[in-house]
Structure formats: structure tokens, C-alpha cells
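Trainee: Here you go, run.cif (mmCIF, C-alpha atoms (C1' of nucleotides)):
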data_my_file
#
loop_
_atom_site.group_PDB
_atom_site.id
_atom_site.type_symbol
_atom_site.label_atom_id
_atom_site.label_comp_id
_atom_site.auth_asym_id
_atom_site.auth_seq_id
_atom_site.Cartn_x
_atom_site.Cartn_y
_atom_site.Cartn_z
ATOM 1 C CA MET A 17 84.713 46.224 -84.509
ATOM 2 C CA ASP A 18 81.185 46.439 -85.683
ATOM 3 C CA ARG A 19 80.276 43.159 -87.321
ATOM 4 C CA LEU A 20 77.039 44.507 -88.723
ATOM 5 C CA HIS A 21 78.853 47.429 -90.269
ATOM 6 C CA LEU A 22 81.450 45.124 -91.778
ATOM 7 C CA MET A 23 78.627 43.137 -93.319
ATOM 8 C CA SER A 24 77.100 46.303 -94.747
ATOM 9 C CA VAL A 25 80.383 47.321 -96.307
ATOM 10 C CA PHE A 26 80.895 43.893 -97.789
ATOM 11 C CA VAL A 27 77.399 43.880 -99.257
ATOM 12 C CA ALA A 28 77.886 47.352 -100.700
ATOM 13 C CA VAL A 29 81.154 46.339 -102.323
ATOM 14 C CA VAL A 30 79.563 43.287 -103.862
ATOM 15 C CA GLU A 31 76.598 45.221 -105.193
ATOM 16 C CA ALA A 32 78.729 48.059 -106.478
ATOM 17 C CA GLU A 33 81.101 45.521 -108.008
ATOM 18 C CA GLY A 34 84.093 47.302 -106.589
ATOM 19 C CA PHE A 35 85.671 48.851 -103.530
ATOM 20 C CA ALA A 36 85.603 52.389 -104.846
ATOM 21 C CA GLY A 37 81.952 52.111 -105.824
ATOM 22 C CA GLY A 38 81.050 50.655 -102.471
ATOM 23 C CA ALA A 39 82.904 53.472 -100.782
ATOM 24 C CA ARG A 40 80.941 56.103 -102.690
ATOM 25 C CA LYS A 41 77.704 54.286 -101.950
ATOM 26 C CA LEU A 42 78.372 54.365 -98.211
ATOM 27 C CA HIS A 43 80.041 57.768 -98.180
ATOM 28 C CA MET A 44 83.273 56.263 -96.958
ATOM 29 C CA SER A 45 86.842 56.564 -98.126
ATOM 30 C CA PRO A 46 88.274 53.665 -100.145
ATOM 31 C CA PRO A 47 90.833 52.832 -97.462
ATOM 32 C CA ALA A 48 88.056 52.419 -94.923
ATOM 33 C CA VAL A 49 86.357 49.956 -97.243
ATOM 34 C CA THR A 50 89.553 48.023 -97.797
ATOM 35 C CA ARG A 51 90.133 47.823 -94.073
ATOM 36 C CA ALA A 52 86.563 46.751 -93.395
ATOM 37 C CA VAL A 53 86.620 43.896 -95.875
ATOM 38 C CA ALA A 54 90.069 42.841 -94.728
ATOM 39 C CA ALA A 55 88.922 42.850 -91.112
ATOM 40 C CA LEU A 56 85.884 40.793 -91.995
ATOM 41 C CA GLU A 57 87.959 38.263 -93.882
ATOM 42 C CA GLU A 58 90.452 38.025 -91.077
ATOM 43 C CA ARG A 59 87.708 37.644 -88.536
ATOM 44 C CA LEU A 60 86.075 34.866 -90.524
ATOM 45 C CA GLY A 61 89.363 33.315 -91.545
ATOM 46 C CA VAL A 62 88.129 33.104 -95.107
ATOM 47 C CA LYS A 63 88.715 35.117 -98.249
ATOM 48 C CA LEU A 64 85.415 36.576 -99.397
ATOM 49 C CA LEU A 65 86.460 38.506 -102.463
ATOM 50 C CA ASN A 66 88.972 37.746 -105.167
ATOM 51 C CA ARG A 67 89.914 41.207 -106.280
ATOM 52 C CA THR A 68 92.060 42.463 -109.057
ATOM 53 C CA THR A 69 92.304 46.151 -109.730
ATOM 54 C CA ARG A 70 89.750 45.660 -112.480
ATOM 55 C CA TYR A 71 87.136 43.216 -111.224
ATOM 56 C CA VAL A 72 85.883 42.100 -107.863
ATOM 57 C CA ARG A 73 84.516 38.566 -107.742
ATOM 58 C CA MET A 74 83.026 36.752 -104.797
ATOM 59 C CA THR A 75 84.564 33.516 -103.701
ATOM 60 C CA GLU A 76 82.263 30.603 -102.976
ATOM 61 C CA ALA A 77 82.380 31.499 -99.309
ATOM 62 C CA GLY A 78 81.707 35.089 -100.255
ATOM 63 C CA GLN A 79 78.515 34.170 -102.079
ATOM 64 C CA LYS A 80 77.238 32.256 -99.092
ATOM 65 C CA TYR A 81 78.165 35.029 -96.702
ATOM 66 C CA TYR A 82 76.655 37.662 -98.960
ATOM 67 C CA GLU A 83 73.248 36.037 -98.729
ATOM 68 C CA ASP A 84 73.521 35.567 -94.980
ATOM 69 C CA ALA A 85 74.737 39.102 -94.437
ATOM 70 C CA LYS A 86 71.893 40.629 -96.374
ATOM 71 C CA ARG A 87 69.347 38.636 -94.387
ATOM 72 C CA ILE A 88 70.924 39.526 -91.072
ATOM 73 C CA ILE A 89 71.169 43.215 -91.864
ATOM 74 C CA ALA A 90 67.539 43.239 -92.914
ATOM 75 C CA LEU A 91 66.506 41.453 -89.722
ATOM 76 C CA ALA A 92 68.471 43.857 -87.565
ATOM 77 C CA ASP A 93 66.858 46.840 -89.236
ATOM 78 C CA GLU A 94 63.448 45.263 -88.838
ATOM 79 C CA ALA A 95 64.125 44.666 -85.164
ATOM 80 C CA ASP A 96 65.023 48.318 -84.752
ATOM 81 C CA ASP A 97 61.823 49.405 -86.412
ATOM 82 C CA ALA A 98 59.633 46.855 -84.676
ATOM 83 C CA VAL A 99 60.623 47.995 -81.222
ATOM 84 C CA LEU A 100 59.879 51.622 -82.004
ATOM 85 C CA GLY A 101 56.124 51.370 -82.061
ATOM 86 C CA ILE A 102 55.734 49.497 -78.815
ATOM 87 C CA ASN A 103 56.646 51.688 -75.896
ATOM 88 C CA ALA A 104 56.900 54.851 -77.900
ATOM 89 C CA GLU A 105 54.941 57.883 -76.860
ATOM 90 C CA PRO A 106 51.299 57.536 -77.927
ATOM 91 C CA ARG A 107 50.470 59.826 -80.823
ATOM 92 C CA GLY A 108 47.344 61.044 -82.508
ATOM 93 C CA GLN A 109 43.885 62.067 -81.430
ATOM 94 C CA LEU A 110 42.025 60.265 -78.702
ATOM 95 C CA THR A 111 38.283 60.360 -79.194
ATOM 96 C CA VAL A 112 35.896 59.411 -76.436
ATOM 97 C CA THR A 113 32.169 59.152 -76.989
ATOM 98 C CA ALA A 114 29.735 59.066 -74.071
ATOM 99 C CA SER A 115 26.599 60.687 -72.741
ATOM 100 C CA VAL A 116 27.156 63.939 -70.924
ATOM 101 C CA LEU A 117 26.235 62.489 -67.573
ATOM 102 C CA PHE A 118 28.358 59.380 -68.008
ATOM 103 C CA GLY A 119 31.191 61.485 -69.207
ATOM 104 C CA ARG A 120 31.100 63.781 -66.222
ATOM 105 C CA LEU A 121 30.864 60.897 -63.832
ATOM 106 C CA PHE A 122 33.488 58.511 -65.166
ATOM 107 C CA VAL A 123 35.235 59.397 -68.376
ATOM 108 C CA MET A 124 36.544 62.746 -67.224
ATOM 109 C CA LEU A 125 38.199 61.077 -64.270
ATOM 110 C CA GLY A 126 40.190 58.826 -66.581
ATOM 111 C CA VAL A 127 41.026 61.667 -68.928
ATOM 112 C CA VAL A 128 42.325 63.760 -66.078
ATOM 113 C CA GLU A 129 44.431 60.908 -64.786
ATOM 114 C CA TYR A 130 45.817 60.207 -68.259
ATOM 115 C CA LEU A 131 46.682 63.804 -68.969
ATOM 116 C CA GLY A 132 48.091 64.534 -65.581
ATOM 117 C CA PRO A 133 47.874 68.045 -64.114
ATOM 118 C CA VAL A 134 45.850 70.377 -66.291
ATOM 119 C CA ASN A 135 45.612 74.113 -66.224
ATOM 120 C CA PHE A 136 41.941 74.546 -67.052
ATOM 121 C CA PRO A 137 38.703 73.810 -65.239
ATOM 122 C CA VAL A 138 37.761 70.157 -65.619
ATOM 123 C CA LEU A 139 34.042 70.641 -65.402
ATOM 124 C CA MET B 24 78.858 51.285 -81.091
ATOM 125 C CA ASP B 25 78.741 47.758 -82.365
ATOM 126 C CA ARG B 26 75.057 46.981 -82.741
ATOM 127 C CA LEU B 27 75.587 43.239 -82.504
ATOM 128 C CA HIS B 28 77.689 43.692 -79.406
ATOM 129 C CA LEU B 29 75.071 45.937 -77.858
ATOM 130 C CA MET B 30 72.522 43.222 -78.497
ATOM 131 C CA SER B 31 74.761 40.644 -76.834
ATOM 132 C CA VAL B 32 75.186 42.809 -73.783
ATOM 133 C CA PHE B 33 71.474 43.421 -73.536
ATOM 134 C CA VAL B 34 70.735 39.700 -73.823
ATOM 135 C CA ALA B 35 73.344 38.890 -71.204
ATOM 136 C CA VAL B 36 71.893 41.426 -68.802
ATOM 137 C CA VAL B 37 68.409 40.027 -69.286
ATOM 138 C CA GLU B 38 69.513 36.448 -68.759
ATOM 139 C CA ALA B 39 71.678 37.299 -65.790
ATOM 140 C CA GLU B 40 68.826 39.386 -64.396
ATOM 141 C CA GLY B 41 71.143 42.244 -63.655
ATOM 142 C CA PHE B 42 73.840 44.523 -64.989
ATOM 143 C CA ALA B 43 76.550 43.249 -62.681
ATOM 144 C CA GLY B 44 75.784 39.638 -63.526
ATOM 145 C CA GLY B 45 75.781 40.375 -67.221
ATOM 146 C CA ALA B 46 79.095 42.117 -66.831
ATOM 147 C CA ARG B 47 80.660 39.104 -65.170
ATOM 148 C CA LYS B 48 79.175 36.813 -67.807
ATOM 149 C CA LEU B 49 80.783 38.824 -70.594
ATOM 150 C CA HIS B 50 83.969 39.658 -68.719
ATOM 151 C CA MET B 51 83.203 43.329 -68.862
ATOM 152 C CA SER B 52 83.157 46.057 -66.257
ATOM 153 C CA PRO B 53 79.757 47.194 -64.965
ATOM 154 C CA PRO B 54 80.160 50.685 -66.423
ATOM 155 C CA ALA B 55 80.708 49.223 -69.860
ATOM 156 C CA VAL B 56 77.458 47.310 -69.525
ATOM 157 C CA THR B 57 75.578 50.383 -68.380
ATOM 158 C CA ARG B 58 76.936 52.356 -71.297
ATOM 159 C CA ALA B 59 76.094 49.601 -73.773
ATOM 160 C CA VAL B 60 72.479 49.310 -72.686
ATOM 161 C CA ALA B 61 72.118 53.075 -72.558
ATOM 162 C CA ALA B 62 73.561 53.397 -76.051
ATOM 163 C CA LEU B 63 71.202 50.737 -77.337
ATOM 164 C CA GLU B 64 68.209 52.423 -75.768
ATOM 165 C CA GLU B 65 69.229 55.793 -77.137
ATOM 166 C CA ARG B 66 69.823 54.353 -80.560
ATOM 167 C CA LEU B 67 66.404 52.701 -80.578
ATOM 168 C CA GLY B 68 64.705 55.611 -78.892
ATOM 169 C CA VAL B 69 63.012 53.219 -76.495
ATOM 170 C CA LYS B 70 63.596 52.130 -72.919
ATOM 171 C CA LEU B 71 64.326 48.411 -72.870
ATOM 172 C CA LEU B 72 64.878 47.797 -69.174
ATOM 173 C CA ASN B 73 63.188 49.201 -66.113
ATOM 174 C CA ARG B 74 65.928 48.920 -63.537
ATOM 175 C CA THR B 75 66.011 49.545 -59.862
ATOM 176 C CA THR B 76 69.072 48.646 -57.840
ATOM 177 C CA ARG B 77 67.304 45.481 -56.845
ATOM 178 C CA TYR B 78 65.538 44.157 -59.925
ATOM 179 C CA VAL B 79 65.902 44.476 -63.664
ATOM 180 C CA ARG B 80 62.697 43.999 -65.613
ATOM 181 C CA MET B 81 62.195 44.160 -69.344
ATOM 182 C CA THR B 82 59.735 46.638 -70.725
ATOM 183 C CA GLU B 83 57.293 45.422 -73.333
ATOM 184 C CA ALA B 84 59.593 46.724 -76.028
ATOM 185 C CA GLY B 85 62.476 45.017 -74.261
ATOM 186 C CA GLN B 86 60.782 41.649 -74.444
ATOM 187 C CA LYS B 87 60.205 42.021 -78.152
ATOM 188 C CA TYR B 88 63.742 43.193 -78.762
ATOM 189 C CA TYR B 89 65.159 40.429 -76.603
ATOM 190 C CA GLU B 90 63.646 37.781 -78.828
ATOM 191 C CA ASP B 91 64.767 39.527 -81.986
ATOM 192 C CA ALA B 92 68.260 40.117 -80.653
ATOM 193 C CA LYS B 93 68.731 36.497 -79.704
ATOM 194 C CA ARG B 94 67.659 35.344 -83.142
ATOM 195 C CA ILE B 95 69.892 37.830 -84.913
ATOM 196 C CA ILE B 96 72.914 36.994 -82.799
ATOM 197 C CA ALA B 97 72.374 33.313 -83.448
ATOM 198 C CA LEU B 98 72.055 33.930 -87.170
ATOM 199 C CA ALA B 99 75.205 36.012 -87.237
ATOM 200 C CA ASP B 100 77.145 33.330 -85.413
ATOM 201 C CA GLU B 101 75.777 30.702 -87.748
ATOM 202 C CA ALA B 102 76.822 32.798 -90.716
ATOM 203 C CA ASP B 103 80.325 33.004 -89.288
ATOM 204 C CA ASP B 104 80.470 29.272 -88.805
ATOM 205 C CA ALA B 105 78.836 28.404 -92.102
ATOM 206 C CA VAL B 106 81.395 30.314 -94.079
ATOM 207 C CA LEU B 107 84.201 28.564 -92.277
ATOM 208 C CA GLY B 108 83.113 25.185 -93.527
ATOM 209 C CA ILE B 109 82.210 23.938 -90.083
ATOM 210 C CA ASN B 110 78.585 23.621 -91.030
ATOM 211 C CA ALA B 111 79.347 23.055 -94.685
ATOM 212 C CA GLU B 112 80.168 19.380 -94.302
ATOM 213 C CA PRO B 113 77.024 17.380 -93.545
ATOM 214 C CA ARG B 114 77.301 15.373 -90.334
ATOM 215 C CA GLY B 115 75.373 12.540 -88.772
ATOM 216 C CA GLN B 116 73.644 9.412 -90.003
ATOM 217 C CA LEU B 117 71.668 9.380 -93.229
ATOM 218 C CA THR B 118 68.841 6.824 -93.225
ATOM 219 C CA VAL B 119 67.097 5.764 -96.412
ATOM 220 C CA THR B 120 64.089 3.467 -96.444
ATOM 221 C CA ALA B 121 62.885 1.765 -99.626
ATOM 222 C CA SER B 122 62.005 -1.613 -101.097
ATOM 223 C CA VAL B 123 64.957 -3.719 -102.155
ATOM 224 C CA LEU B 124 64.139 -3.418 -105.821
ATOM 225 C CA PHE B 125 63.546 0.340 -105.676
ATOM 226 C CA GLY B 126 66.673 0.740 -103.667
ATOM 227 C CA ARG B 127 68.798 -1.154 -106.139
ATOM 228 C CA LEU B 128 67.310 0.664 -109.092
ATOM 229 C CA PHE B 129 67.355 4.258 -107.872
ATOM 230 C CA VAL B 130 68.440 4.914 -104.336
ATOM 231 C CA MET B 131 71.820 3.255 -104.594
ATOM 232 C CA LEU B 132 72.655 5.433 -107.559
ATOM 233 C CA GLY B 133 72.071 8.521 -105.488
ATOM 234 C CA VAL B 134 73.945 7.147 -102.534
ATOM 235 C CA VAL B 135 76.946 6.283 -104.668
ATOM 236 C CA GLU B 136 76.935 9.702 -106.211
ATOM 237 C CA TYR B 137 76.626 11.366 -102.818
ATOM 238 C CA LEU B 138 79.406 9.342 -101.257
ATOM 239 C CA GLY B 139 81.745 9.599 -104.171
ATOM 240 C CA PRO B 140 84.267 6.805 -104.895
ATOM 241 C CA VAL B 141 83.785 3.820 -102.585
ATOM 242 C CA ASN B 142 86.031 0.904 -101.880
ATOM 243 C CA PHE B 143 83.450 -1.827 -101.559
ATOM 244 C CA PRO B 144 81.043 -3.567 -103.944
ATOM 245 C CA VAL B 145 77.890 -1.506 -104.396
ATOM 246 C CA LEU B 146 75.550 -4.404 -105.131
ATOM 247 C "C1'" DA C 12 99.060 54.848 -118.656
ATOM 248 C "C1'" DA C 13 94.874 54.812 -116.018
ATOM 249 C "C1'" DA C 14 92.078 53.203 -112.769
ATOM 250 C "C1'" DT C 15 91.740 50.869 -108.512
ATOM 251 C "C1'" DA C 16 93.111 48.497 -104.395
ATOM 252 C "C1'" DT C 17 96.319 48.798 -100.572
ATOM 253 C "C1'" DT C 18 99.624 50.547 -97.014
ATOM 254 C "C1'" DA C 19 101.727 54.500 -94.034
ATOM 255 C "C1'" DC C 20 101.023 57.744 -90.925
ATOM 256 C "C1'" DG C 21 99.249 61.382 -88.121
ATOM 257 C "C1'" DT C 22 94.998 62.818 -86.004
ATOM 258 C "C1'" DA C 23 90.557 62.559 -83.870
ATOM 259 C "C1'" DT C 24 87.022 60.013 -81.995
ATOM 260 C "C1'" DA C 25 85.357 56.486 -79.070
ATOM 261 C "C1'" DA C 26 85.709 52.655 -75.473
ATOM 262 C "C1'" DC C 27 87.463 51.196 -71.435
ATOM 263 C "C1'" DG C 28 88.536 50.738 -66.286
ATOM 264 C "C1'" DT C 29 89.152 52.873 -61.805
ATOM 265 C "C1'" DA C 30 87.083 55.508 -58.639
ATOM 266 C "C1'" DA C 31 83.502 58.354 -56.839
ATOM 267 C "C1'" DG C 32 78.405 59.147 -56.471
ATOM 268 C "C1'" DC C 33 73.611 57.949 -56.112
ATOM 269 C "C1'" DA C 34 69.561 55.251 -55.251
ATOM 270 C "C1'" DT C 35 66.960 51.464 -53.466
ATOM 271 C "C1'" DA C 36 65.603 47.948 -50.220
ATOM 272 C "C1'" DT D 22 73.826 50.269 -44.590
ATOM 273 C "C1'" DA D 23 74.850 47.372 -48.150
ATOM 274 C "C1'" DT D 24 74.233 46.238 -52.942
ATOM 275 C "C1'" DG D 25 74.295 47.598 -57.454
ATOM 276 C "C1'" DC D 26 73.394 50.978 -61.243
ATOM 277 C "C1'" DT D 27 75.375 55.244 -62.909
ATOM 278 C "C1'" DT D 28 78.507 59.229 -63.848
ATOM 279 C "C1'" DA D 29 83.422 61.500 -64.027
ATOM 280 C "C1'" DC D 30 87.651 61.385 -65.690
ATOM 281 C "C1'" DG D 31 92.091 60.103 -67.439
ATOM 282 C "C1'" DT D 32 94.124 56.734 -70.421
ATOM 283 C "C1'" DT D 33 94.357 53.565 -74.141
ATOM 284 C "C1'" DA D 34 92.999 51.793 -78.248
ATOM 285 C "C1'" DT D 35 90.534 52.044 -82.566
ATOM 286 C "C1'" DA D 36 88.925 54.215 -86.872
ATOM 287 C "C1'" DC D 37 89.396 57.581 -90.033
ATOM 288 C "C1'" DG D 38 91.183 60.496 -94.062
ATOM 289 C "C1'" DT D 39 95.047 62.227 -96.793
ATOM 290 C "C1'" DA D 40 98.760 60.951 -99.247
ATOM 291 C "C1'" DA D 41 101.925 57.754 -101.172
ATOM 292 C "C1'" DT D 42 102.593 52.926 -103.200
ATOM 293 C "C1'" DA D 43 101.587 48.864 -105.724
ATOM 294 C "C1'" DT D 44 99.119 46.314 -109.245
ATOM 295 C "C1'" DT D 45 96.473 44.943 -113.133
ATOM 296 C "C1'" DT D 46 94.496 45.817 -117.851
#
Can I see the file as C-alpha cells?
Mentor:
Amino acid sequence: MDRLHLMSVFVAVVEAEGFAGGARKLHMSPPAVTRAVAALEERLGVKLLNRTTRYVRMTEAGQKYYEDAKRIIALADEADDAVLGINAEPRGQLTVTASVLFGRLFVMLGVVEYLGPVNFPVL
Amino acid sequence: MDRLHLMSVFVAVVEAEGFAGGARKLHMSPPAVTRAVAALEERLGVKLLNRTTRYVRMTEAGQKYYEDAKRIIALADEADDAVLGINAEPRGQLTVTASVLFGRLFVMLGVVEYLGPVNFPVL
DNA sequence: AAATATTACGTATAACGTAAGCATA
DNA sequence: TATGCTTACGTTATACGTAATATTT
């Protein structure tokens, strides 16, 4: 199961101070939240939340994991964003300034190659 | 689509320099690896690997994401361990250097407090 | 008694592996 | 032609939501 998602659910529960609140925050059903936290605890072998029907408190391990989880989630999101701008399709306007002669001789060749086949006269 | 798992697969493929090798490394079938990398690329909206049947090369975005993924995976594993108490207990040798007088006056107090009850004379 | 967490259970979605197909050197 | 990435497809497993149950103030 998705570790990162489990972390997100756990963080949401902590910040909403309850399972039901966390569920609403993430647009999930309460049972899904219960299962997620339970799965996380079982996976880690540690109880993260001491919950009564009234209050949800983090255990000591929970506090530590809460901080780590938030950092990791943030890093993962940053990694997603960071990679987007690299090989993505170039956007925006490309402006080339040159003398007419220079342009006809050299620049247009590069423009044509960059654009690929064009359907209008190049010169 | 476990993001962390997708990252692991991608890293394994990169380090094994191939999908088949990565599959063996992770005890997965080759199709599962193909699907994982494809899912990751679709999720990110960026091609991470330029693959021919002979060589697998990272794109520029792939190189960036590879570094990020490795860091995030390591952090996630550390978080798992830390919460278990494996990394909680300090290990190794603690060396303290000080003059004898300074040591007796201040350092030993800290050492005693750090160690807790001891069964030998402190001075 | 009221609010909330949990479990049961049936359904739907998703992941997997085997096998077939395709592409590259 | 041989290796290895990919797609098809049937099966299995996982996750979900609704509804019922338990629990704490």
C-alpha cells in the first residue's frame, strides 16, 4: 500500500485532531482513514495515535513520525514539481534579433530546423 | 500507484541499467517494471528514461528525479527506522576532551546525567 | 445519549504474471 | 536472430463505501 498516502492520511488526522475531520479534509470515508492509520501503525510496528472517541493524541513515536512525514511529503511534492520544468515542452515566445542579411543566411536555417516542416514560404 | 514504490522501481532500473535487471533486483516481473516506470512518467508528465532494447539512458529530467527519489526513499526508510527505536538509542563511542579540572567541575556532571545511575565511583 | 472510531461485508478498481508481440542491434 | 521492452488478457488481490457495532464522555 501507498506509504506516502498513509503518511498524508496520518498527517491530516493529526492536524484535524480526529479521524472524522481528517476524512473530511481528504474527501475520504472514516473507515478508509481508520484502515490507513492502522496499516501504517502495523507497518511500523508502533502505535502512533492514542485515540479515544473524544480526543486523538499523538504518542511520542507519533510526534516524531509526524514531523518526518510532513518533511517527506513536502520533498516528494517538490520533486514532482521540480522535474516538470526540465524536459517539458518549451513554452512562450521566442524572439530573435538579427540583421536582415544575417537572418536570411543563418538564423532562418535554425528556425526552420527547430520548427520542423512549415507550410509557408520561408523566404 | 504507490509513489514511493514507483520511485524505488525507477531507481532500481537506473542502477541496474535496464528494466530486466531492475526487475530481477526487486523480484518483480519485467511487465510490472515497465508499468511502474510508465505510470511514474505519466504521473509526472515527463519522460524519465530514453530506452532502446539495448541501452537505458536517463533524460535530463530523469537525472534530477533520480537524485530526488533516492533522497526521499532514504528519508522514508530512516523515518520508519527512527520511529521503531532503532535509531533512537545513540550508539558508538562518545569522546570528551577537557582539562582535568574542567572535566571534574563540569563535564563529569553531564556525563553522569547522560549515563544515568552508575556502579562505580565517579571521582 | 451523542459523537466518533472500528469492524463486516459486498463490490469495484487496480496490480500482477503468463504469454504473445514488437523493436533494436 | 536474439535480447529485452512492451502490450493483451485473465486472474488475484487490494481498497473502497455503506451499514452495523462498539466505545467513551
Trainee: Assuming the chain letters and numbering stay as they are in my file, what does the PyMOL selection byres ((chain B and resi 89) around 12) actually select? List them as a VMD selection string.
Mentor: (chain A and resid 92 95 to 96 98 to 99) or (chain B and resid 29 to 38 63 71 to 72 80 to 88 90 to 96)
Trainee: Output as JSON lines one row per residue of chain C within 10 Å of chain B: the closest atom pair and its distance in Å to one decimal place, counting all atoms listed in the file, sorted by chain and residue number ascending.
Mentor:
{"residue": "C:DA25", "atom": "C1'", "partner": "B:Met24", "partner_atom": "CA", "distance": 8.6}
{"residue": "C:DA26", "atom": "C1'", "partner": "B:Ala55", "partner_atom": "CA", "distance": 8.3}
{"residue": "C:DC27", "atom": "C1'", "partner": "B:Ala55", "partner_atom": "CA", "distance": 7.2}
{"residue": "C:DG28", "atom": "C1'", "partner": "B:Ser52", "partner_atom": "CA", "distance": 7.1}
{"residue": "C:DA34", "atom": "C1'", "partner": "B:Thr76", "partner_atom": "CA", "distance": 7.1}
{"residue": "C:DT35", "atom": "C1'", "partner": "B:Thr76", "partner_atom": "CA", "distance": 5.6}
{"residue": "C:DA36", "atom": "C1'", "partner": "B:Arg77", "partner_atom": "CA", "distance": 7.3}
Trainee: What are the residues of chain D lining chain A at 10 Å or less? Count all atoms listed in the file, and put the answer as a ChimeraX atom specification.
Mentor: /D:35-38,44-46
Trainee: Please provide as a PyMOL selection string all residues within 10 Å of DC33 (chain C), with the sequence filter that same-chain residues fewer than 4 positions apart are discarded (counting only C-alpha atoms (C1' of nucleotides)).
Mentor: chain D and resi 26-28
